[in-house]
Each structure stands twice: as structure tokens, then as C-alpha cells.
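Single-structure report; data block below.
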Amino acid sequence: ALLTTTPAQDSPERTVTLNVSPKGCFLFSNNPELQLEQQVSIQFIGLNDTTPVTATICWLRLWGTGKHHVPGIGVNFTTLSESQSAQIAKLLEPLQPH
């Protein structure tokens, strides 16, 4: 994924999604400038529809807090296209109990 904090940011932060749901995700990040309630833009390069998704940071995990914790941000999606939502749901299907 490519993470930006402003629409005009020239160089996005390259990151990975470690946990995703239809409503949000956790992204690895060690960026100390990220703040709660901040709007970010995420481009999921692994999806067919790579239109940037707008999200709001709902929690932060800083580097060095807790044992074996990966630093990053938890976000809630505020814009997610129908095609992106459908593809995420399809990717999560094998993880659903039957």
C-alpha cells in the first residue's frame, strides 16, 4: 500500500497492510507525524481498483510500545469504492467460518 497524509504529497510512504476488514485496516508505519483523527489516503496496489481510499486514523501504535508489537496505524475507511469493497470481501471469504 502507498500511504499519504496530504493529497499533494510527492512521495508516499510504502507500507503493508497487516490486517484488513471491510471497514478498515492496520498499516505498518513508523511515521511520528501521524496523529489520531488525521485523514490519510491509501492506495492499495494489490487491488484491481487502485483509486486512493480516504481513511481516518482511529488508533496509533508507536515503535517500542509493548513487547513484539508492530508500529503502525489503525484506520477506518471513509471512502471505498464498491469494486474495492467487493474485492476485499472476496479476499476475506476463506477466513470466514462456514
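Here's how to read the names in the C-alpha cells: chain A, B, ... by the order shown, residue numbers from 1 in each chain, ligand numbers from 1 in the order shown.
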Filtered DSSP result for chain A, state strand (DSSP E), as JSON, numbers by chain
{"A": [2, 3, 4, 13, 14, 17, 18, 19, 20, 24, 25, 26, 27, 28, 39, 40, 41, 42, 43, 53, 54, 55, 56, 57, 58, 59, 60, 61, 72, 73, 74, 75, 76, 77]}
Residues within 7 Å of region 51-58 of chain A, only C-alpha atoms, excluding chain neighbours under 6 positions, as a PDB file with N, CA and C atoms, in the first residue's frame:
ATOM      1  N   LEU A  36      -3.985  10.910  15.724  1.00  0.00           N
ATOM      2  CA  LEU A  36      -5.366  10.444  15.799  1.00  0.00           C
ATOM      3  C   LEU A  36      -6.287  11.411  15.070  1.00  0.00           C
ATOM      4  N   GLU A  37      -7.303  10.863  14.442  1.00  0.00           N
ATOM      5  CA  GLU A  37      -8.324  11.624  13.706  1.00  0.00           C
ATOM      6  C   GLU A  37      -7.798  12.276  12.427  1.00  0.00           C
ATOM      7  N   GLN A  38      -6.537  12.053  12.094  1.00  0.00           N
ATOM      8  CA  GLN A  38      -5.961  12.609  10.865  1.00  0.00           C
ATOM      9  C   GLN A  38      -6.497  11.841   9.657  1.00  0.00           C
ATOM     10  N   GLN A  39      -6.782  12.570   8.583  1.00  0.00           N
ATOM     11  CA  GLN A  39      -7.202  11.954   7.327  1.00  0.00           C
ATOM     12  C   GLN A  39      -5.963  11.523   6.551  1.00  0.00           C
ATOM     13  N   VAL A  40      -5.993  10.323   6.006  1.00  0.00           N
ATOM     14  CA  VAL A  40      -4.899   9.828   5.177  1.00  0.00           C
ATOM     15  C   VAL A  40      -5.484   9.263   3.890  1.00  0.00           C
ATOM     16  N   SER A  41      -4.630   9.087   2.926  1.00  0.00           N
ATOM     17  CA  SER A  41      -5.008   8.491   1.660  1.00  0.00           C
ATOM     18  C   SER A  41      -4.186   7.214   1.481  1.00  0.00           C
ATOM     19  N   ILE A  42      -4.861   6.140   1.093  1.00  0.00           N
ATOM     20  CA  ILE A  42      -4.197   4.849   0.928  1.00  0.00           C
ATOM     21  C   ILE A  42      -4.476   4.327  -0.476  1.00  0.00           C
ATOM     22  N   GLN A  43      -3.436   3.949  -1.171  1.00  0.00           N
ATOM     23  CA  GLN A  43      -3.594   3.321  -2.477  1.00  0.00           C
ATOM     24  C   GLN A  43      -3.192   1.859  -2.320  1.00  0.00           C
ATOM     25  N   ILE A  73      -0.681   2.212  12.267  1.00  0.00           N
ATOM     26  CA  ILE A  73      -1.930   2.936  12.475  1.00  0.00           C
ATOM     27  C   ILE A  73      -3.113   2.043  12.132  1.00  0.00           C
ATOM     28  N   GLY A  74      -4.172   2.226  12.891  1.00  0.00           N
ATOM     29  CA  GLY A  74      -5.448   1.608  12.568  1.00  0.00           C
ATOM     30  C   GLY A  74      -6.326   2.673  11.948  1.00  0.00           C
ATOM     31  N   VAL A  75      -6.929   2.370  10.820  1.00  0.00           N
ATOM     32  CA  VAL A  75      -7.749   3.359  10.120  1.00  0.00           C
ATOM     33  C   VAL A  75      -9.145   2.811   9.833  1.00  0.00           C
ATOM     34  N   ASN A  76     -10.098   3.731   9.788  1.00  0.00           N
ATOM     35  CA  ASN A  76     -11.448   3.442   9.303  1.00  0.00           C
ATOM     36  C   ASN A  76     -11.566   4.057   7.923  1.00  0.00           C
ATOM     37  N   PHE A  77     -12.031   3.267   6.956  1.00  0.00           N
ATOM     38  CA  PHE A  77     -12.221   3.787   5.605  1.00  0.00           C
ATOM     39  C   PHE A  77     -13.369   4.793   5.596  1.00  0.00           C
ATOM     40  N   THR A  78     -13.163   5.921   4.935  1.00  0.00           N
ATOM     41  CA  THR A  78     -14.249   6.882   4.755  1.00  0.00           C
ATOM     42  C   THR A  78     -14.730   6.887   3.313  1.00  0.00           C
ATOM     43  N   THR A  79     -13.863   6.505   2.392  1.00  0.00           N
ATOM     44  CA  THR A  79     -14.277   6.303   1.002  1.00  0.00           C
ATOM     45  C   THR A  79     -13.673   4.989   0.541  1.00  0.00           C
ATOM     46  N   LEU A  80     -14.503   4.146   0.007  1.00  0.00           N
ATOM     47  CA  LEU A  80     -14.070   2.854  -0.529  1.00  0.00           C
ATOM     48  C   LEU A  80     -15.045   2.542  -1.654  1.00  0.00           C
TER      49      LEU A  80
END
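Closest approach to Gly24 (chain A) among A:Ile45, A:Leu95, A:Ile88, A:Leu62 is made by A:Ile88 (distances from only C-alpha atoms).
Distances here use only C-alpha atoms; by that measure, the residue among A:Gln84, A:Pro32, A:Leu60, A:Pro71 closest to Leu18 (chain A) is A:Pro71.
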Any chance you could list, as a CSV table (one decimal) with C-alpha atoms, in the first residue's frame, the residues in chain A that come up alpha helix (DSSP H) when DSSP is run on the backbone?
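File out_34.csv, as written:
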chain,number,residue,atom,x,y,z
A,82,GLU,CA,-17.9,-0.7,-4.5
A,83,SER,CA,-15.3,-2.6,-6.5
A,84,GLN,CA,-12.7,-2.3,-3.8
A,85,SER,CA,-15.2,-3.3,-1.1
A,86,ALA,CA,-16.2,-6.4,-3.2
A,87,GLN,CA,-12.6,-7.4,-3.8
A,88,ILE,CA,-11.7,-7.1,-0.1
A,89,ALA,CA,-14.8,-9.2,0.8
A,90,LYS,CA,-13.7,-11.8,-1.7
A,91,LEU,CA,-10.2,-11.9,-0.3
A,92,LEU,CA,-11.6,-12.4,3.2
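Residue nearest Asn31 (chain A), chosen from A:Pro97, A:Ser81, A:Pro12, A:Phe44 and counting only C-alpha atoms: A:Pro12.
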